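Peer 1: My structure file input-v8.txt, compact mmCIF, C-alpha atoms, is below:
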# COMPACT_ATOMS: atom_id res chain seq x y z
CA MET A 272 -38.53 -11.10 20.38
CA THR A 273 -40.95 -8.28 19.69
CA ASP A 274 -43.57 -7.99 16.99
CA SER A 275 -41.87 -5.14 15.12
CA LEU A 276 -38.65 -5.39 13.12
CA ASN A 277 -37.85 -1.84 14.19
CA ASP A 278 -37.84 -2.92 17.84
CA TRP A 279 -35.34 -5.74 17.39
CA ALA A 280 -31.77 -5.32 18.50
CA PHE A 281 -29.13 -5.38 15.75
CA GLU A 282 -28.07 -8.92 16.65
CA THR A 283 -31.64 -10.22 16.44
CA ALA A 284 -32.48 -8.45 13.19
CA ALA A 285 -29.27 -9.74 11.60
CA VAL A 286 -30.33 -13.37 11.93
CA GLN A 287 -34.15 -13.11 11.85
CA THR A 288 -34.98 -10.63 9.07
CA GLY A 289 -36.21 -12.29 5.89
CA ILE A 290 -36.52 -15.83 7.31
CA GLU A 291 -40.05 -17.16 6.84
CA ARG A 292 -41.91 -19.35 9.30
CA GLY A 293 -44.09 -22.34 8.60
CA LEU A 294 -44.01 -25.99 7.63
CA GLY A 295 -41.28 -26.63 5.08
CA ALA A 296 -39.91 -23.08 5.14
CA SER A 297 -36.14 -22.98 4.87
CA ILE A 298 -34.20 -21.71 7.86
CA GLY A 299 -31.75 -19.92 5.57
CA PHE A 300 -31.77 -17.86 2.39
CA PRO A 301 -32.57 -19.64 -0.89
CA ILE A 302 -30.56 -18.73 -3.99
CA HIS A 303 -32.77 -17.80 -6.96
CA ALA A 304 -30.60 -18.41 -10.02
CA ALA A 305 -32.90 -16.95 -12.66
CA ALA A 306 -32.48 -14.41 -15.44
CA ALA A 307 -36.18 -13.56 -15.75
CA PHE A 308 -39.55 -14.20 -14.12
CA GLN A 309 -42.84 -15.26 -15.70
CA PHE A 310 -46.13 -13.47 -16.25
CA GLU A 311 -49.52 -15.01 -16.91
CA THR A 312 -51.04 -12.17 -18.92
CA LEU A 313 -50.05 -9.20 -21.04
CA GLU A 314 -51.71 -6.93 -18.51
CA GLN A 315 -49.61 -8.32 -15.65
CA ALA A 316 -46.41 -7.70 -17.59
CA GLN A 317 -47.49 -4.20 -18.59
CA GLN A 318 -48.32 -3.22 -15.00
CA GLU A 319 -45.04 -4.61 -13.66
CA PHE A 320 -43.03 -2.60 -16.18
CA ILE A 321 -44.93 0.51 -15.07
CA ASP A 322 -44.70 -0.06 -11.32
CA GLY A 323 -41.47 -2.03 -10.97
CA ALA A 324 -42.75 -3.33 -7.66
CA GLY A 325 -42.48 -7.07 -8.31
CA LEU A 326 -40.32 -9.38 -10.41
CA SER A 327 -39.61 -9.10 -14.11
CA TYR A 328 -35.94 -9.23 -15.13
CA ALA A 329 -33.13 -10.22 -12.78
CA ARG A 330 -31.03 -7.17 -13.59
CA ILE A 331 -33.66 -5.14 -11.73
CA GLN A 332 -35.01 -7.48 -9.05
CA ASN A 333 -34.29 -10.94 -7.67
CA PRO A 334 -35.84 -12.65 -4.62
CA THR A 335 -32.45 -13.43 -3.05
CA LEU A 336 -31.33 -9.83 -3.46
CA LYS A 337 -34.60 -8.62 -1.95
CA LEU A 338 -33.98 -10.71 1.15
CA LEU A 339 -30.53 -9.16 1.51
CA GLU A 340 -31.92 -5.68 0.87
CA ASP A 341 -34.61 -6.13 3.52
CA ARG A 342 -31.98 -7.24 6.02
CA VAL A 343 -29.71 -4.25 5.33
CA THR A 344 -32.73 -1.93 5.58
CA ALA A 345 -33.57 -3.34 9.00
CA LEU A 346 -29.99 -3.07 10.25
CA GLU A 347 -29.56 0.52 9.05
CA GLY A 348 -32.99 1.55 10.31
CA GLY A 349 -34.00 2.68 6.82
CA ALA A 350 -36.99 2.58 4.49
CA ALA A 351 -35.53 0.92 1.36
CA THR A 352 -32.24 -0.55 0.14
CA LEU A 353 -30.75 -1.29 -3.27
CA ALA A 354 -28.05 -3.98 -3.38
CA LEU A 355 -25.38 -3.63 -6.08
CA CYS A 356 -22.26 -5.41 -7.25
CA THR A 357 -19.67 -3.26 -5.39
CA GLY A 358 -19.36 -0.43 -2.94
CA GLN A 359 -18.08 1.81 -5.74
CA ALA A 360 -21.28 1.10 -7.68
CA ALA A 361 -23.26 2.04 -4.58
CA THR A 362 -21.43 5.36 -4.21
CA LEU A 363 -21.95 6.25 -7.88
CA THR A 364 -25.64 5.38 -7.64
CA ALA A 365 -26.09 7.41 -4.46
CA VAL A 366 -24.51 10.49 -6.03
CA MET A 367 -26.30 10.22 -9.36
CA SER A 368 -29.66 9.66 -7.71
CA VAL A 369 -29.70 13.36 -6.75
CA CYS A 370 -27.26 14.95 -9.22
CA ARG A 371 -27.15 15.70 -12.94
CA ALA A 372 -25.07 17.90 -15.25
CA GLY A 373 -24.65 21.36 -13.77
CA ASP A 374 -24.97 20.22 -10.17
CA HIS A 375 -22.43 20.41 -7.37
CA VAL A 376 -21.28 18.07 -4.58
CA VAL A 377 -19.44 18.98 -1.39
CA ALA A 378 -17.37 16.08 -0.04
CA THR A 379 -14.93 15.75 2.82
CA SER A 380 -11.34 15.23 1.71
CA SER A 381 -10.56 12.33 4.06
CA LEU A 382 -12.25 9.81 1.75
CA PHE A 383 -11.42 6.35 0.50
CA GLY A 384 -9.16 6.69 -2.56
CA GLY A 385 -11.78 5.26 -4.91
CA SER A 386 -14.33 7.82 -3.74
CA THR A 387 -11.84 10.64 -4.20
CA GLY A 388 -11.15 9.40 -7.72
CA LEU A 389 -14.88 9.26 -8.45
CA MET A 390 -15.33 12.85 -7.27
CA ASN A 391 -12.30 14.21 -9.11
CA ASN A 392 -12.23 12.13 -12.30
CA ILE A 393 -15.64 10.64 -13.07
CA LEU A 394 -18.24 13.18 -11.96
CA PRO A 395 -16.69 15.96 -14.12
CA LEU A 396 -17.23 13.73 -17.17
CA MET A 397 -20.94 13.96 -16.36
CA GLY A 398 -20.89 17.73 -15.88
CA ILE A 399 -20.96 17.51 -12.08
CA GLU A 400 -18.43 19.45 -10.02
CA ALA A 401 -17.22 18.19 -6.64
CA THR A 402 -15.45 20.30 -4.02
CA LEU A 403 -13.39 18.41 -1.46
CA VAL A 404 -12.97 20.18 1.87
CA PRO A 405 -11.65 19.39 5.37
CA ASN A 406 -13.93 17.19 7.46
CA THR A 407 -15.45 20.02 9.52
CA PRO A 408 -18.87 21.70 9.52
CA ASP A 409 -17.34 25.14 8.90
CA ALA A 410 -15.48 23.92 5.79
CA VAL A 411 -18.59 22.22 4.44
CA ARG A 412 -20.72 25.32 5.06
CA ARG A 413 -18.28 27.60 3.23
CA ALA A 414 -18.27 25.30 0.18
CA MET A 415 -22.05 25.15 -0.27
CA ARG A 416 -23.56 26.71 -3.41
CA GLU A 417 -27.00 27.31 -4.81
CA ASN A 418 -26.63 24.23 -7.04
CA THR A 419 -25.21 21.93 -4.34
CA ARG A 420 -27.39 18.82 -4.28
CA LEU A 421 -25.36 16.53 -2.01
CA VAL A 422 -22.98 16.63 0.94
CA TRP A 423 -20.86 13.46 1.12
CA ALA A 424 -18.76 12.14 4.00
CA GLU A 425 -17.54 8.88 5.52
CA MET A 426 -18.46 7.51 8.90
CA ILE A 427 -14.95 6.56 10.09
CA SER A 428 -12.97 7.68 7.08
CA ASN A 429 -10.59 5.29 5.35
CA PRO A 430 -7.78 5.43 6.28
CA ALA A 431 -7.56 8.65 8.35
CA GLY A 432 -10.15 7.51 10.89
CA ASP A 433 -11.98 10.86 10.93
CA ILE A 434 -15.56 10.88 12.20
CA ALA A 435 -18.21 12.76 10.26
CA ASP A 436 -20.30 15.14 12.40
CA ILE A 437 -23.52 13.81 10.89
CA GLU A 438 -25.97 16.05 12.72
CA ALA A 439 -24.06 19.21 11.80
CA PHE A 440 -23.59 18.14 8.18
CA ALA A 441 -27.28 17.24 7.89
CA GLN A 442 -28.35 20.65 9.15
CA ILE A 443 -26.06 22.42 6.66
CA ALA A 444 -27.20 20.27 3.74
CA HIS A 445 -30.89 20.64 4.53
CA GLU A 446 -30.64 24.41 4.95
CA HIS A 447 -29.44 24.56 1.32
CA GLY A 448 -32.00 22.09 -0.05
CA ALA A 449 -29.38 19.37 -0.44
CA LEU A 450 -29.23 15.85 0.95
CA LEU A 451 -26.58 14.29 3.18
CA GLY A 452 -25.02 11.04 2.03
CA ILE A 453 -22.79 8.98 4.33
CA ASP A 454 -20.46 6.16 3.34
CA ASN A 455 -21.01 3.83 6.30
CA THR A 456 -18.65 1.06 5.23
CA CYS A 457 -16.53 1.26 8.38
CA GLY A 458 -19.70 1.76 10.43
CA GLY A 459 -20.53 -1.90 9.91
CA VAL A 460 -23.99 -1.82 8.28
CA GLY A 461 -25.47 0.03 11.24
CA PHE A 462 -23.73 -1.89 14.03
CA LEU A 463 -21.37 0.89 15.06
CA CYS A 464 -23.48 3.75 13.72
CA ARG A 465 -26.85 4.32 12.04
CA PRO A 466 -26.35 7.60 10.14
CA LEU A 467 -30.04 7.84 9.22
CA GLN A 468 -30.91 8.26 12.90
CA PHE A 469 -28.70 11.35 13.07
CA GLY A 470 -30.18 13.11 10.03
CA ALA A 471 -28.46 11.53 7.02
CA ASP A 472 -30.67 10.93 3.98
CA ILE A 473 -28.65 8.32 2.08
CA VAL A 474 -26.31 5.63 3.40
CA ALA A 475 -24.03 3.82 0.97
CA GLN A 476 -21.46 1.18 1.77
CA SER A 477 -19.26 -1.60 0.55
CA LEU A 478 -20.79 -4.87 1.71
CA THR A 479 -17.55 -6.51 0.60
CA LYS A 480 -16.10 -5.50 3.96
CA TRP A 481 -17.75 -6.39 7.27
CA ALA A 482 -20.99 -7.71 5.78
CA GLY A 483 -19.09 -10.31 3.78
CA GLY A 484 -16.39 -10.50 6.40
CA HIS A 485 -14.34 -13.33 4.92
CA GLY A 486 -12.70 -11.82 1.86
CA ASN A 487 -14.64 -13.99 -0.58
CA VAL A 488 -17.41 -11.81 -2.06
CA MET A 489 -18.04 -8.29 -3.33
CA GLY A 490 -21.14 -6.15 -3.00
CA GLY A 491 -22.50 -2.74 -2.10
CA SER A 492 -25.74 -1.14 -0.98
CA VAL A 493 -27.60 2.17 -0.89
CA THR A 494 -30.16 2.69 1.89
CA ILE A 495 -32.51 5.64 2.31
CA GLY A 496 -34.66 6.86 5.17
CA THR A 497 -38.04 8.57 5.14
CA ARG A 498 -37.22 12.19 5.96
CA HIS A 499 -35.42 13.35 2.81
CA ASP A 500 -36.81 16.50 1.20
CA LEU A 501 -36.63 16.48 -2.61
CA THR A 502 -38.81 19.54 -3.22
CA ARG A 503 -35.82 21.74 -4.09
CA ASN A 504 -34.15 19.27 -6.46
CA PRO A 505 -35.11 19.85 -10.14
CA ILE A 506 -34.52 16.17 -10.96
CA TYR A 507 -37.62 15.42 -8.91
CA THR A 508 -39.70 18.56 -9.45
CA ASP A 509 -39.29 19.32 -13.17
CA GLY A 510 -42.25 18.25 -15.29
CA GLY A 511 -45.20 19.59 -13.36
CA GLU A 512 -47.84 16.92 -12.83
CA GLN A 513 -45.56 14.36 -14.48
CA SER A 514 -42.59 15.16 -12.26
CA LEU A 515 -40.85 12.23 -10.64
CA LEU A 516 -41.82 13.44 -7.19
CA ASN A 517 -45.46 13.84 -8.18
CA VAL A 518 -45.67 10.44 -9.90
CA ARG A 519 -43.62 8.37 -7.43
CA GLY A 520 -44.27 10.27 -4.21
CA GLU A 521 -42.34 9.01 -1.18
CA GLN A 522 -40.90 6.19 -3.33
CA ALA A 523 -39.24 8.61 -5.75
CA LEU A 524 -35.68 8.43 -4.40
CA ALA A 525 -35.69 4.65 -4.02
CA TRP A 526 -37.19 4.28 -7.50
CA ARG A 527 -34.55 6.49 -9.13
CA GLN A 528 -31.72 4.65 -7.42
CA ARG A 529 -32.93 1.28 -8.68
CA TRP A 530 -33.63 2.71 -12.12
CA PHE A 531 -30.15 4.24 -12.35
CA GLY A 532 -27.91 1.66 -10.68
CA ALA A 533 -29.65 -1.58 -11.63
CA SER A 534 -31.95 -0.99 -14.60
CA GLN A 535 -29.89 1.51 -16.60
CA LEU A 536 -26.27 0.81 -15.64
CA GLY A 537 -26.73 -2.86 -14.80
CA MET A 538 -24.44 -2.87 -11.74
CA THR A 539 -26.33 -5.92 -10.52
CA LEU A 540 -25.32 -8.11 -7.60
CA ALA A 541 -25.29 -11.84 -8.35
CA PRO A 542 -27.72 -14.00 -6.31
CA HIS A 543 -24.94 -16.21 -4.94
CA SER A 544 -23.07 -13.11 -3.77
CA ALA A 545 -26.22 -11.84 -2.08
CA PHE A 546 -26.53 -15.22 -0.34
CA LEU A 547 -22.96 -14.99 1.00
CA LEU A 548 -23.43 -11.40 2.15
CA ALA A 549 -26.66 -12.22 3.96
CA HIS A 550 -24.86 -15.02 5.80
CA GLY A 551 -22.02 -12.68 6.69
CA LEU A 552 -24.42 -10.18 8.23
CA GLU A 553 -25.55 -12.83 10.71
CA THR A 554 -22.20 -12.78 12.53
CA LEU A 555 -21.15 -9.19 11.82
CA SER A 556 -21.86 -7.98 15.36
CA LEU A 557 -19.75 -10.75 16.90
CA ARG A 558 -16.81 -10.12 14.59
CA LEU A 559 -16.82 -6.32 14.61
CA ALA A 560 -17.25 -6.07 18.38
CA ARG A 561 -14.21 -8.34 18.86
CA GLU A 562 -12.22 -6.55 16.15
CA SER A 563 -12.97 -3.12 17.64
CA GLN A 564 -11.78 -4.26 21.07
CA THR A 565 -8.57 -5.62 19.59
CA ALA A 566 -8.07 -2.49 17.46
CA LEU A 567 -8.30 -0.26 20.53
CA ALA A 568 -5.81 -2.44 22.42
CA LEU A 569 -3.42 -2.35 19.47
CA ALA A 570 -3.80 1.42 19.07
CA LEU A 571 -2.99 2.00 22.75
CA TRP A 572 0.03 -0.32 22.50
CA LEU A 573 1.32 1.19 19.26
CA ASP A 574 0.83 4.71 20.57
CA ARG A 575 3.41 3.95 23.28
CA HIS A 576 5.82 1.99 21.06
CA PRO A 577 9.21 3.69 20.57
CA LYS A 578 9.56 2.40 16.99
CA VAL A 579 6.14 3.61 15.83
CA GLY A 580 5.27 7.12 14.66
CA LYS A 581 1.85 8.73 14.55
CA VAL A 582 -1.08 6.42 15.37
CA SER A 583 -4.56 7.39 14.14
CA TYR A 584 -7.56 5.73 15.77
CA SER A 585 -10.61 7.67 16.92
CA GLY A 586 -10.87 5.55 20.06
CA LEU A 587 -7.70 7.17 21.41
CA GLN A 588 -8.45 10.11 23.69
CA GLY A 589 -5.84 12.22 21.92
CA HIS A 590 -7.47 11.80 18.50
CA PRO A 591 -9.05 15.07 17.25
CA HIS A 592 -12.35 13.28 16.57
CA TYR A 593 -12.49 11.32 19.83
CA HIS A 594 -15.52 13.28 21.06
CA LEU A 595 -17.41 12.54 17.83
CA SER A 596 -16.46 8.89 18.12
CA GLN A 597 -18.03 8.78 21.56
CA LYS A 598 -21.15 10.51 20.26
CA TYR A 599 -21.84 8.50 17.11
CA LEU A 600 -20.23 5.06 17.58
CA LYS A 601 -22.14 2.91 20.03
CA HIS A 602 -20.20 -0.39 19.95
CA GLY A 603 -16.59 0.73 19.63
CA SER A 604 -14.49 2.86 17.31
CA GLY A 605 -14.14 0.32 14.53
CA ALA A 606 -11.49 -2.07 13.29
CA VAL A 607 -9.30 0.19 11.14
CA LEU A 608 -6.29 2.16 12.32
CA THR A 609 -3.13 3.62 10.82
CA PHE A 610 0.38 3.96 12.17
CA GLU A 611 3.68 5.17 10.78
CA VAL A 612 6.93 3.19 10.54
CA ASP A 613 10.36 4.31 9.35
CA ASN A 614 10.63 1.78 6.53
CA PRO A 615 7.24 0.48 5.32
CA SER A 616 8.83 -1.82 2.73
CA ASP A 617 10.93 -3.66 5.31
CA PHE A 618 8.05 -3.82 7.78
CA ILE A 619 5.65 -5.33 5.24
CA ARG A 620 8.27 -7.82 4.05
CA ARG A 621 8.74 -9.21 7.59
CA VAL A 622 5.16 -9.84 8.74
CA ASN A 623 4.06 -13.45 9.25
CA VAL A 624 0.59 -13.25 10.81
CA LEU A 625 -0.59 -10.01 9.24
CA ARG A 626 -1.59 -10.36 5.58
CA VAL A 627 -0.76 -7.77 2.94
CA ALA A 628 -3.96 -7.14 0.97
CA PRO A 629 -6.04 -4.09 -0.09
CA ASN A 630 -9.26 -4.97 1.71
CA LEU A 631 -11.05 -4.21 4.98
CA GLY A 632 -13.37 -6.11 7.27
CA ASP A 633 -11.80 -9.55 6.82
CA VAL A 634 -11.61 -12.03 9.70
CA ARG A 635 -7.86 -11.92 9.05
CA THR A 636 -5.82 -8.84 9.95
CA LEU A 637 -4.80 -7.06 6.75
CA ILE A 638 -2.26 -4.31 6.17
CA VAL A 639 -1.47 -2.16 3.16
CA HIS A 640 0.70 0.83 2.26
CA PRO A 641 -1.89 3.41 1.10
CA TRP A 642 0.67 5.87 -0.33
CA THR A 643 1.60 3.42 -3.10
CA THR A 644 -1.64 1.41 -3.41
CA THR A 645 -5.15 2.55 -2.46
CA HIS A 646 -4.26 6.26 -2.72
CA GLY A 647 -1.33 5.94 -5.11
CA ARG A 648 -3.14 7.37 -8.13
CA ILE A 649 -4.46 10.55 -6.57
CA PRO A 650 -2.40 13.77 -6.32
CA GLU A 651 -0.02 14.08 -3.39
CA PRO A 652 -1.94 16.95 -1.71
CA ALA A 653 -5.10 14.82 -1.79
CA ARG A 654 -3.22 11.91 -0.26
CA LEU A 655 -2.01 14.09 2.59
CA ALA A 656 -5.52 15.50 3.05
CA ALA A 657 -6.80 11.93 3.37
CA GLY A 658 -4.40 11.28 6.24
CA VAL A 659 -1.89 9.29 4.16
CA THR A 660 1.89 9.83 4.31
CA PRO A 661 4.77 7.82 2.79
CA ASN A 662 5.24 6.13 6.18
CA THR A 663 1.59 5.19 6.81
CA ILE A 664 0.51 1.58 7.31
CA ARG A 665 -3.24 0.93 7.25
CA MET A 666 -4.42 -2.00 9.33
CA SER A 667 -7.82 -3.71 9.27
CA VAL A 668 -7.92 -5.77 12.44
CA GLY A 669 -9.27 -9.32 12.29
CA VAL A 670 -10.28 -11.84 14.94
CA GLU A 671 -6.84 -13.27 15.75
CA ALA A 672 -5.52 -13.25 19.31
CA LEU A 673 -4.19 -9.87 20.41
CA GLU A 674 -0.92 -11.33 21.66
CA ASP A 675 -0.19 -12.96 18.29
CA LEU A 676 -0.76 -9.71 16.45
CA GLN A 677 1.45 -7.80 18.87
CA ALA A 678 4.23 -10.38 18.59
CA ASP A 679 4.14 -10.25 14.78
CA ILE A 680 4.23 -6.45 14.71
CA GLU A 681 7.05 -6.41 17.24
CA GLN A 682 9.30 -8.74 15.25
CA ALA A 683 8.49 -6.89 12.01
CA LEU A 684 9.51 -3.60 13.60
Is it possible to express this structure as structure tokens?
Peer 2:
Amino acid sequence: MTDSLNDWAFETAAVQTGIERGLGASIGFPIHAAAAFQFETLEQAQQEFIDGAGLSYARIQNPTLKLLEDRVTALEGGAATLALCTGQAATLTAVMSVCRAGDHVVATSSLFGGSTGLMNNILPLMGIEATLVPNTPDAVRRAMRENTRLVWAEMISNPAGDIADIEAFAQIAHEHGALLGIDNTCGGVGFLCRPLQFGADIVAQSLTKWAGGHGNVMGGSVTIGTRHDLTRNPIYTDGGEQSLLNVRGEQALAWRQRWFGASQLGMTLAPHSAFLLAHGLETLSLRLARESQTALALALWLDRHPKVGKVSYSGLQGHPHYHLSQKYLKHGSGAVLTFEVDNPSDFIRRVNVLRVAPNLGDVRTLIVHPWTTTHGRIPEPARLAAGVTPNTIRMSVGVEALEDLQADIEQAL
């Protein structure tokens, strides 16, 4: 063990961060079930409501959530994290932390269906326009405008399996005074990839997935680094000496995210959920490493199977983003893959080991038919752009034995 959290390996930080030492200190996370926290004087309360640096009301801060936030910050290699009730809440907070009415977002089209819906249906209600483009630097560059505040992409897109070229996207965004936000849900809270190290400014994710890992809790997080430039964003520069950037300095982005997501919209994560997520993070590396190995073995097997159509997994050498997978993913290509079958309804009806459920990152292998479920409410062209066809099966690989998964798929086919 080293003296600096930043020097710890992922596996060490996952179990050590936030655990105090000393006589009587608990070896795990305590759950602080409290709605509010006490002050001794009027002046203390006044200063806390100005600074927001301590504890006041549990919608804004809670000690259990802070422990989880510190752990996610360490694992992502960031500067600050806000924990929220879902991944969708995290995405909304990330976008709205740098956008307001009249602004523009460029997003890659191979997004999770909920993110696509947010871009197409919710942001316009707030006066924000989003342009969805193919997941390439050239497409992103062509879509940039003077009022573009954010470029948004997924690290291992769900379900297409595309890999965001983070360094290229960051350069394009920063040239236009925008920030780069990455949904790192399938990146495993920094285990497979740390987008901030490659130039991203904001990392959002669903902690429901690999952080929780057992299908029993929901949560999300937004993590920021230290290199984001807000000097060309009017949200932070309007107001002269009283501008948000002038008043809050390097804490401005983190402050606005907590103000927006927790204080104003109240998308607060419950302390017990934070407790479960923190525990899940402790074994994430063990689970996701095993799941990624099994996913690659299944992808190779399915790719040769005569009854299986197109297989999409970035760990396959024939995948168009294989080279980006090798560049950005340091512990495997993840646990999610898609494959096509002639009759998805019959296939799903026959499985015995695989479970049919719309989730990812569970210890159990889960499958779903995206065309009719996760992407069923978005227009057909958007579904196709996201890598979804009527024959696509999405699989989130769990920790079961490879031979049992192969046998179940074989009999279902």
Peer 1: Report, in Å with one decimal, the straight-line distance from CA of His303 (chain A) to CA of Arg519 (chain A).
Peer 2: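 Pair CA of His303 (chain A) / CA of Arg519 (chain A) returns 28.3 Å.
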Peer 1: In Å to one decimal, how far is CA of Ala345 (chain A) from CA of Trp279 (chain A)?
Peer 2: 8.9 Å
Peer 1: Restricting the calculation to all atoms listed in the file: of A:Glu417, A:Glu314, A:Asp454, A:Asp433, which residue gets closest to Val607 (chain A)?
Peer 2: A:Asp433
Peer 1: Place a sphere of radius 7 Å on (-8.6, -2.7, 11.0) in the file coordinates and name every protein, DNA or RNA residue with an atom inside or on its surface, counting all atoms listed in the file; give the answer as a VMD selection string.
Peer 2: chain A and resid 566 606 to 608 631 to 632 636 666 to 669
Peer 1: What's the 7 Å shell around region 646-648 of chain A, counting only C-alpha atoms, without same-chain residues fewer than 5 positions away, as a PDB file with C-alpha atoms, in the frame of the given file?
Peer 2:
ATOM      1  CA  GLY A 384      -9.160   6.690  -2.560  1.00  0.00           C
ATOM      2  CA  PRO A 641      -1.890   3.410   1.100  1.00  0.00           C
ATOM      3  CA  ARG A 654      -3.220  11.910  -0.260  1.00  0.00           C
TER       4      ARG A 654
END
Peer 1: Tell me which protein, DNA and RNA residues are within 9 Å of Ala482 (chain A), counting all atoms listed in the file, leaving out same-chain ones fewer than 5 positions away, and put them as a PyMOL selection string.
Peer 2: chain A and resi 459-460+477+490+547-555+632
Peer 1: For region 420-425 of chain A, please output as a PyMOL selection string all residues within 6 Å (counting all atoms listed in the file; exclusion window: fewer than 5 positions along the same chain).
Peer 2: chain A and resi 376-379+449-454
Peer 1: Which one of A:Ala541, A:Ile473, A:Ala628, A:Leu557 sits closest to Thr283 (chain A) if you count all atoms listed in the file?
Peer 2: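 Closest candidate: A:Leu557.
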Peer 1: Neighbours of His576 (chain A) within 12 Å (all atoms listed in the file; same-chain residues fewer than 4 positions away dropped), as JSON, numbers by chain?
Peer 2: {"A": [569, 570, 571, 572, 580, 581, 582, 610, 611, 612, 677, 680, 681, 684]}
Peer 1: Please indicate the distance in Å from CA of Asn333 (chain A) to CA of Asn630 (chain A), rounded to one decimal place.
Peer 2: 27.4 Å
Peer 1: For each of A:Ala307, A:Ala414, A:Ala683, A:Leu338, take the minimum atom-to-atom distance to Ala285 (chain A), counting all atoms listed in the file, then give the residue where this is smallest.
Peer 2: A:Leu338
Peer 1: Keeping just N, CA and C atoms, export region 341-356 of chain A of this structure as a tab-separated table (two decimals), in the first residue's frame.
Peer 2:
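Printed below is selection.tsv as written:
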chain	number	residue	atom	x	y	z
A	341	ASP	N	-16.64	9.38	-2.57
A	341	ASP	CA	-15.17	9.38	-2.49
A	341	ASP	C	-14.59	8.13	-3.15
A	342	ARG	N	-15.27	7.00	-2.98
A	342	ARG	CA	-14.77	5.76	-3.57
A	342	ARG	C	-14.87	5.81	-5.09
A	343	VAL	N	-15.99	6.29	-5.62
A	343	VAL	CA	-16.14	6.40	-7.07
A	343	VAL	C	-15.11	7.39	-7.63
A	344	THR	N	-14.89	8.50	-6.94
A	344	THR	CA	-13.89	9.48	-7.37
A	344	THR	C	-12.51	8.83	-7.48
A	345	ALA	N	-12.15	8.03	-6.49
A	345	ALA	CA	-10.85	7.37	-6.51
A	345	ALA	C	-10.76	6.38	-7.67
A	346	LEU	N	-11.82	5.63	-7.90
A	346	LEU	CA	-11.78	4.60	-8.95
A	346	LEU	C	-11.77	5.21	-10.34
A	347	GLU	N	-12.43	6.35	-10.52
A	347	GLU	CA	-12.44	7.01	-11.83
A	347	GLU	C	-11.25	7.95	-12.01
A	348	GLY	N	-10.46	8.15	-10.97
A	348	GLY	CA	-9.34	9.07	-11.07
A	348	GLY	C	-9.79	10.50	-11.23
A	349	GLY	N	-10.87	10.89	-10.53
A	349	GLY	CA	-11.45	12.21	-10.68
A	349	GLY	C	-11.15	13.13	-9.52
A	350	ALA	N	-11.87	14.27	-9.51
A	350	ALA	CA	-11.71	15.28	-8.46
A	350	ALA	C	-12.91	15.34	-7.54
A	351	ALA	N	-14.11	15.03	-8.05
A	351	ALA	CA	-15.32	15.10	-7.23
A	351	ALA	C	-16.41	14.27	-7.90
A	352	THR	N	-17.29	13.70	-7.07
A	352	THR	CA	-18.39	12.86	-7.56
A	352	THR	C	-19.66	13.24	-6.86
A	353	LEU	N	-20.76	13.19	-7.59
A	353	LEU	CA	-22.11	13.33	-7.04
A	353	LEU	C	-22.84	12.03	-7.27
A	354	ALA	N	-23.33	11.41	-6.20
A	354	ALA	CA	-24.12	10.18	-6.31
A	354	ALA	C	-25.60	10.54	-6.36
A	355	LEU	N	-26.34	9.88	-7.25
A	355	LEU	CA	-27.76	10.16	-7.45
A	355	LEU	C	-28.54	8.85	-7.51
A	356	CYS	N	-29.86	8.98	-7.63
A	356	CYS	CA	-30.73	7.82	-7.46
A	356	CYS	C	-30.71	6.84	-8.62
